[in-house]
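Written out below as structure tokens is the structure these notes cover.
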Amino acid sequence: MTKVSTNIWFEKNAKEAVEFYVSMVPNSSIRRTTVIPADTPSGPEGSCKVIEFRLGDQEFTALEAGPLDPLNHSFSIVVACETQAEIDRLWDGFLQNGGVQEACGWLKDRWGLSWQVVPRVLGEMMADPDRAKARRMTEVMLQMVKLDVAKLEAAFRG
């Protein structure tokens, strides 16, 4: 069977970042760390590292290979949370670790990776066939920084 995973390029400190991510997201683990045993375009033998890890049910590879490709908003990790308490725990943990809050449930961690910390029901509300309900919820969401599940659900219900 073909295996698909997501690769994230880090300039430096990939191990520190991955250890933090694994500590924040339940059911996560580091699978393997490999140091590239040859010179690469990113640097000499031993300077490039590959870390295979799992966040929840998603496979990732962190590549620490220098400043060639900085992280940006075109890639983000979405964490769909069941409760407001879980949103609050993740949000606060990222901010306390040097992250920066943005808007609509987005934040950027201290390594530059973008995250969306959202309630699991957000996608369902957004895709609801009653477009007026979806619009009300979306308009409220667009005014938020950290998402508030109760306020989103209240707007959705009208």
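Residues in the structure tokens are named by chain (A, B, ... in the order shown) and by number from 1 within that chain; ligands are numbered from 1 in the order shown.
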Please extract the residues of stretch 19-151 of chain A with a backbone DSSP assignment of alpha helix (DSSP H) and present them as a VMD selection string.
chain A and resid 19 to 24 84 to 96 121 to 126 131 to 141 149 to 151
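Contact shell of A:Glu16 at 12 Å (only C-alpha atoms; same-chain neighbours under 4 positions omitted): A:Phe10, A:Lys12, A:Phe20, A:Tyr21, A:Val22, A:Ser23, A:Ile30, A:Ile51, A:Ala62, A:Glu64, A:Asn97, A:Arg110, A:Trp111.
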Separation of atom CA of A:Leu71 from atom CA of A:Lys108 in Å:
9.9 Å
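Among the candidates A:Ala134, A:Met1, A:Met141, A:Val25, the one nearest to A:Phe94 when counting only C-alpha atoms is A:Val25.
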So which bits of stretch 8-42 of chain A end up strand (DSSP E) when you DSSP the backbone, as a ChimeraX atom specification?
/A:8-10,29-35
I'd like the contact shell of A:Val4 - 12 Å cut-off, only C-alpha atoms, skipping same-chain residues fewer than 3 positions apart - returned as a PDB file with N, CA and C atoms, in the first residue's frame.
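Generated file (result_39.pdb):
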ATOM      1  N   MET A   1       0.834  -1.173   0.000  1.00  0.00           N
ATOM      2  CA  MET A   1       0.000   0.000   0.000  1.00  0.00           C
ATOM      3  C   MET A   1       0.887   1.247   0.000  1.00  0.00           C
ATOM      4  N   ASN A   7       5.613  16.550   4.671  1.00  0.00           N
ATOM      5  CA  ASN A   7       6.973  16.952   4.995  1.00  0.00           C
ATOM      6  C   ASN A   7       6.977  18.436   5.372  1.00  0.00           C
ATOM      7  N   GLN A  58      -2.145  11.481  11.936  1.00  0.00           N
ATOM      8  CA  GLN A  58      -1.483  12.001  10.734  1.00  0.00           C
ATOM      9  C   GLN A  58       0.026  11.803  10.833  1.00  0.00           C
ATOM     10  N   GLU A  59       0.623  11.307   9.740  1.00  0.00           N
ATOM     11  CA  GLU A  59       2.070  11.103   9.657  1.00  0.00           C
ATOM     12  C   GLU A  59       2.749  12.352   9.100  1.00  0.00           C
ATOM     13  N   PHE A  60       3.901  12.702   9.674  1.00  0.00           N
ATOM     14  CA  PHE A  60       4.688  13.848   9.229  1.00  0.00           C
ATOM     15  C   PHE A  60       6.155  13.468   9.179  1.00  0.00           C
ATOM     16  N   THR A  61       6.908  14.227   8.414  1.00  0.00           N
ATOM     17  CA  THR A  61       8.354  14.165   8.420  1.00  0.00           C
ATOM     18  C   THR A  61       8.856  15.589   8.584  1.00  0.00           C
TER      19      THR A  61
END
For A:Val79, find every residue with an atom within 7 Å (counting only C-alpha atoms), except residues of its own chain fewer than 5 positions away, and show them as JSON, numbers by chain.
{"A": [116, 117, 118]}
Which residues are close to A:Pro37, i.e. within 9 Å by only C-alpha atoms, leaving aside same-chain residues fewer than 6 positions away? Reply as an mmCIF file with N, CA and C atoms, in the first residue's frame.
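Full text of around27.cif as output:
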data_model
loop_
_atom_site.group_PDB
_atom_site.id
_atom_site.type_symbol
_atom_site.label_atom_id
_atom_site.label_comp_id
_atom_site.auth_asym_id
_atom_site.auth_seq_id
_atom_site.Cartn_x
_atom_site.Cartn_y
_atom_site.Cartn_z
ATOM 1 N N PRO A 44 26.968 20.006 5.079
ATOM 2 C CA PRO A 44 27.859 18.840 5.111
ATOM 3 C C PRO A 44 27.217 17.640 5.802
ATOM 4 N N GLU A 45 27.861 16.511 5.633
ATOM 5 C CA GLU A 45 27.428 15.262 6.277
ATOM 6 C C GLU A 45 27.072 15.516 7.741
ATOM 7 N N GLY A 46 25.926 15.017 8.160
ATOM 8 C CA GLY A 46 25.503 15.145 9.547
ATOM 9 C C GLY A 46 24.735 16.413 9.881
ATOM 10 N N SER A 47 24.678 17.362 8.959
ATOM 11 C CA SER A 47 24.002 18.629 9.269
ATOM 12 C C SER A 47 22.512 18.608 8.938
ATOM 13 N N CYS A 48 22.092 17.643 8.173
ATOM 14 C CA CYS A 48 20.691 17.542 7.758
ATOM 15 C C CYS A 48 20.040 16.390 8.527
#
Neighbour list for A:Asp69 as a ChimeraX atom specification, cut-off 10 Å, only C-alpha atoms, skip fewer than 3 positions in-chain:
/A:8-11,65-66,72
Exercise: A:Trp106 partners within 8 Å, only C-alpha atoms, chain neighbours under 2 positions left out, as a ChimeraX atom specification
/A:101-104,108,114-117,145-146
